[in-house]
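Below is one structure, written out as structure tokens; comments come after it.
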Amino acid sequence: MVFEATGRVGGRQRSSELGGTIVEEGAVFFGKQYPNLWRRIRAAGLEGELKTYHAMRMRTLEAQRAGTTCRPRSRVTTTQLAALRRVLPRREKVKLVQMTAEILPRGGELRAMLGNEVSSKWLRRLDAVPAAHWLEAKVGPRFTESFASPIMESLSFADASEWSALGALMLMTFSATPRLHAIVGGNDRIAAAIAEPLEVRTGTSITAISPDPGGVGVEADDGSRSFTSRFNDVVVAVPGPVAASLLHGELAEVVSCIRYSSSVVPAIVTDSPLDVPAVSFYEADSSNHISGLAVERPCADGPILCFANVRSPLREELIDADDDRALDVLSDTVERATGVRPIPKASKVIRWRHSIPVGEPGMLQHQARIRGLVGGVPHLELAGDYLVSPSQEGALVSGARAAAALIERG
Ligand SMILES: Cc1cc2nc3c(=O)[nH]c(=O)nc-3n(C[C@H](O)[C@H](O)[C@H](O)COP(=O)(O)OP(=O)(O)OC[C@H]3O[C@@H](n4cnc5c(N)ncnc54)[C@H](O)[C@@H]3O)c2cc1C
């Protein structure tokens, strides 16, 4: 039995129709490094319905301040390095090459950590180091300012300075994947397929959880009434802050320390071509309020979808503001890049108060502490991206682990 607060399953895997095209409001892409998600896709018969994004067709507009625009030759990573070559002084370029040489042979470890326990000592050490310090020590301040920060912000919807080097590598590994995929008609078809054989009560919010040695009491509200049910075992699979509000004692306290970034993503659909690179990252400067701009034309003659990630601190201001302001930020950015203000035929602003958990320094220890504490609560387990990695794969792995732990505990 699944209790789901909203009217649909999928959570942050949420797709909607806008102006004749599909907008991914939450999880946008997945790559081959998500074995559990692929198994689900195959089981749901969705393998034949993949959209593929070739990183080589993505373009990176980098180092605006330096006035450089770069076009990729092969992969995003190559593109980014090409942009850096123009921006960085020689000494930092050498250090960058050294860092790349250190990281590249560890590609397997990096990919594995997206959905697995991090076992490599090298990665565990990086858990303790703030990303900005690590990158600055490895390459130099220009690198962190002109490159790492906007890329990370656009991926994480967070300020790069908050992430650990481990978290940063996790995000960069994802972005450097040559091919990314989505499901035609919306990624949330995967969640719908997973939920199909289950008994799901949508529109039903859990309001309290009371585990005891014999089972778990669950209080819920379906909008018309509040009721209590009792179960042998329960997995609480909600974002950290919600979980913290349902739990008690030290476990609630530790889970409440997981911070999530918010996100505000204005999106427009237009019929007129937009001459901006498919994916652009912008440097952090006071005149620029977005960290990433994406343009997609799903069908050759179809409408064009354009969306952007509003950066902090404006993001915090716009999370509760009316849509017009966020949409203006997007139109201003496109106008600056192309000289032409886009004419939207449809628009929306996607907001997430809990977008993704911030991979702060000490994240691994924190996750281990939560697992240790929840292991001491009878008949209860936790699941969610905050326990593994901020991704669809992380969420799936956490759920499978929670179920296995309950079975093991009997
Ligand atoms: C804008 C955005 C872009 C992203 N892009 C990517 C990407 O490209 N690739 C990728 O892999 N990941 C991406 N992610 C991350 C990914 O979407 C999440 O990590 C993952 O979906 C989290 O799954 P979850 O099950 O942990 O939590 P959720 O998906 O948040 O699921 C929690 C569920 O619990 C329900 N709930 C909450 N409170 C209650 C309650 N009291 N009672 C009952 N039900 C409740 C919620 O309604 C929700 O359905 C993105 C996320 C966002 C927001």
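The way I read the labels, and the way they are meant: chains A, B, ... in the order of the structure tokens, residue 1 as the first residue of every chain, and ligand 1 as the first ligand shown, with later ones counted on from there.
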Please list as a PyMOL selection string every residue within 8 Å of stretch 395-397 of chain A, counting only C-alpha atoms and excluding residues in the same chain fewer than 4 positions away. chain A and resi 36-37+115-116+383-391+401
Take the residues from that selection and write them out as an mmCIF file, in the first residue's frame, keeping C-alpha atoms.
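So out-v2.cif came out as:
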data_model
loop_
_atom_site.group_PDB
_atom_site.id
_atom_site.type_symbol
_atom_site.label_atom_id
_atom_site.label_comp_id
_atom_site.auth_asym_id
_atom_site.auth_seq_id
_atom_site.Cartn_x
_atom_site.Cartn_y
_atom_site.Cartn_z
ATOM 1 C CA ASN A 36 18.458 0.372 -11.641
ATOM 2 C CA LEU A 37 16.498 2.924 -13.612
ATOM 3 C CA GLY A 115 23.935 4.694 -7.313
ATOM 4 C CA ASN A 116 26.167 2.891 -4.882
ATOM 5 C CA ALA A 383 14.192 6.085 1.425
ATOM 6 C CA GLY A 384 14.843 9.081 -0.774
ATOM 7 C CA ASP A 385 17.551 10.710 -2.853
ATOM 8 C CA TYR A 386 19.062 12.372 0.232
ATOM 9 C CA LEU A 387 20.233 8.935 1.402
ATOM 10 C CA VAL A 388 22.227 7.983 -1.722
ATOM 11 C CA SER A 389 22.642 10.593 -4.486
ATOM 12 C CA PRO A 390 20.472 13.458 -5.749
ATOM 13 C CA SER A 391 19.125 11.596 -8.768
ATOM 14 C CA ARG A 401 17.928 -0.834 0.132
#
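Residues in contact with A:Leu373 at 12 Å, where only C-alpha atoms are counted and same-chain residues fewer than 3 positions away are skipped, are listed as Leu247, His248, Gly249, Glu250, Leu251, Ala252, Glu253, Val254, Val255, His366, Gln367, Ala368, Arg369, Ile370, Gly376, Val377, Pro378, Leu380, Glu381 and Leu382 of chain A.
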Filtering to C-alpha atoms, could you give me those residues as a compact mmCIF listing (two decimals), in the first residue's frame?
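The result, stored in result29.txt:
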# COMPACT_ATOMS: atom_id res chain seq x y z
CA LEU A 247 10.00 11.26 12.74
CA HIS A 248 10.96 11.64 16.39
CA GLY A 249 14.00 12.15 18.59
CA GLU A 250 17.60 12.03 17.42
CA LEU A 251 16.67 10.53 14.03
CA ALA A 252 14.36 13.47 13.28
CA GLU A 253 17.09 15.86 14.35
CA VAL A 254 19.75 14.31 12.14
CA VAL A 255 17.45 14.07 9.10
CA HIS A 366 25.64 12.06 7.58
CA GLN A 367 23.98 9.39 5.43
CA ALA A 368 25.71 6.64 7.42
CA ARG A 369 24.54 8.20 10.69
CA ILE A 370 20.93 8.29 9.47
CA GLY A 376 17.51 0.97 15.59
CA VAL A 377 13.83 1.87 14.99
CA PRO A 378 11.62 -1.22 14.75
CA LEU A 380 10.76 1.43 9.90
CA GLU A 381 13.09 2.38 7.05
CA LEU A 382 13.73 5.60 5.17
Could I get the residues of chain A with an atom no further than 8 Å from an atom of ligand 1, each paired with its nearest atom pair and that distance in Å to one decimal, using only C-alpha atoms and all ligand atoms, sorted by chain and residue number, as CSV?
residue,atom,partner,partner_atom_place_in_ligand_line,distance
A:Phe3,CA,ligand 1,43 (C),5.2
A:Glu4,CA,ligand 1,44 (N),3.9
A:Ala5,CA,ligand 1,44 (N),3.9
A:Thr6,CA,ligand 1,47 (O),5.1
A:Arg8,CA,ligand 1,49 (O),7.2
A:Val9,CA,ligand 1,49 (O),5.5
A:Gly10,CA,ligand 1,49 (O),5.3
A:Gly11,CA,ligand 1,49 (O),3.2
A:Arg12,CA,ligand 1,29 (O),3.7
A:Gln13,CA,ligand 1,21 (O),4.9
A:Glu24,CA,ligand 1,3 (C),7.9
A:Glu25,CA,ligand 1,1 (C),5.8
A:Gly26,CA,ligand 1,2 (C),3.7
A:Ala27,CA,ligand 1,6 (C),3.4
A:Val28,CA,ligand 1,8 (O),3.7
A:Phe29,CA,ligand 1,8 (O),3.8
A:Phe30,CA,ligand 1,9 (N),5.3
A:Leu155,CA,ligand 1,5 (N),7.6
A:Phe157,CA,ligand 1,1 (C),7.8
A:Thr204,CA,ligand 1,43 (C),6.0
A:Ser205,CA,ligand 1,42 (N),3.6
A:Ile206,CA,ligand 1,42 (N),3.8
A:Thr207,CA,ligand 1,41 (N),5.8
A:Ala220,CA,ligand 1,42 (N),7.5
A:Ala237,CA,ligand 1,32 (C),5.8
A:Val238,CA,ligand 1,32 (C),4.1
A:Pro239,CA,ligand 1,30 (O),5.3
A:Val242,CA,ligand 1,38 (N),5.8
A:Ala243,CA,ligand 1,38 (N),7.7
A:Leu246,CA,ligand 1,41 (N),7.8
A:Ser262,CA,ligand 1,53 (C),7.9
A:Ser263,CA,ligand 1,1 (C),6.4
A:Val265,CA,ligand 1,1 (C),7.4
A:Ile350,CA,ligand 1,1 (C),7.8
A:Arg351,CA,ligand 1,1 (C),7.9
A:Trp352,CA,ligand 1,53 (C),5.9
A:His354,CA,ligand 1,53 (C),7.1
A:Ser355,CA,ligand 1,53 (C),3.9
A:Ile356,CA,ligand 1,51 (C),5.7
A:Pro357,CA,ligand 1,19 (O),7.8
A:Ala383,CA,ligand 1,26 (O),6.7
A:Gly384,CA,ligand 1,26 (O),3.2
A:Asp385,CA,ligand 1,26 (O),3.9
A:Tyr386,CA,ligand 1,26 (O),6.6
A:Ser389,CA,ligand 1,19 (O),7.1
A:Pro390,CA,ligand 1,19 (O),4.2
A:Ser391,CA,ligand 1,19 (O),3.5
A:Gln392,CA,ligand 1,11 (O),4.0
A:Glu393,CA,ligand 1,11 (O),6.0
A:Gly394,CA,ligand 1,19 (O),6.6
A:Ala395,CA,ligand 1,26 (O),4.5
A:Leu396,CA,ligand 1,25 (O),7.1
A:Ser398,CA,ligand 1,26 (O),8.0
A:Gly399,CA,ligand 1,25 (O),7.9
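For the pair atom CA of A:Arg297 and atom CA of A:Pro273, the interatomic distance is 9.2 Å.
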Which of stretch 115-231 of chain A DSSP labels strand (DSSP E or B), written as a VMD selection string: chain A and resid 130 164 179 to 183 200 to 201 205 to 212 215 to 221 226 to 231
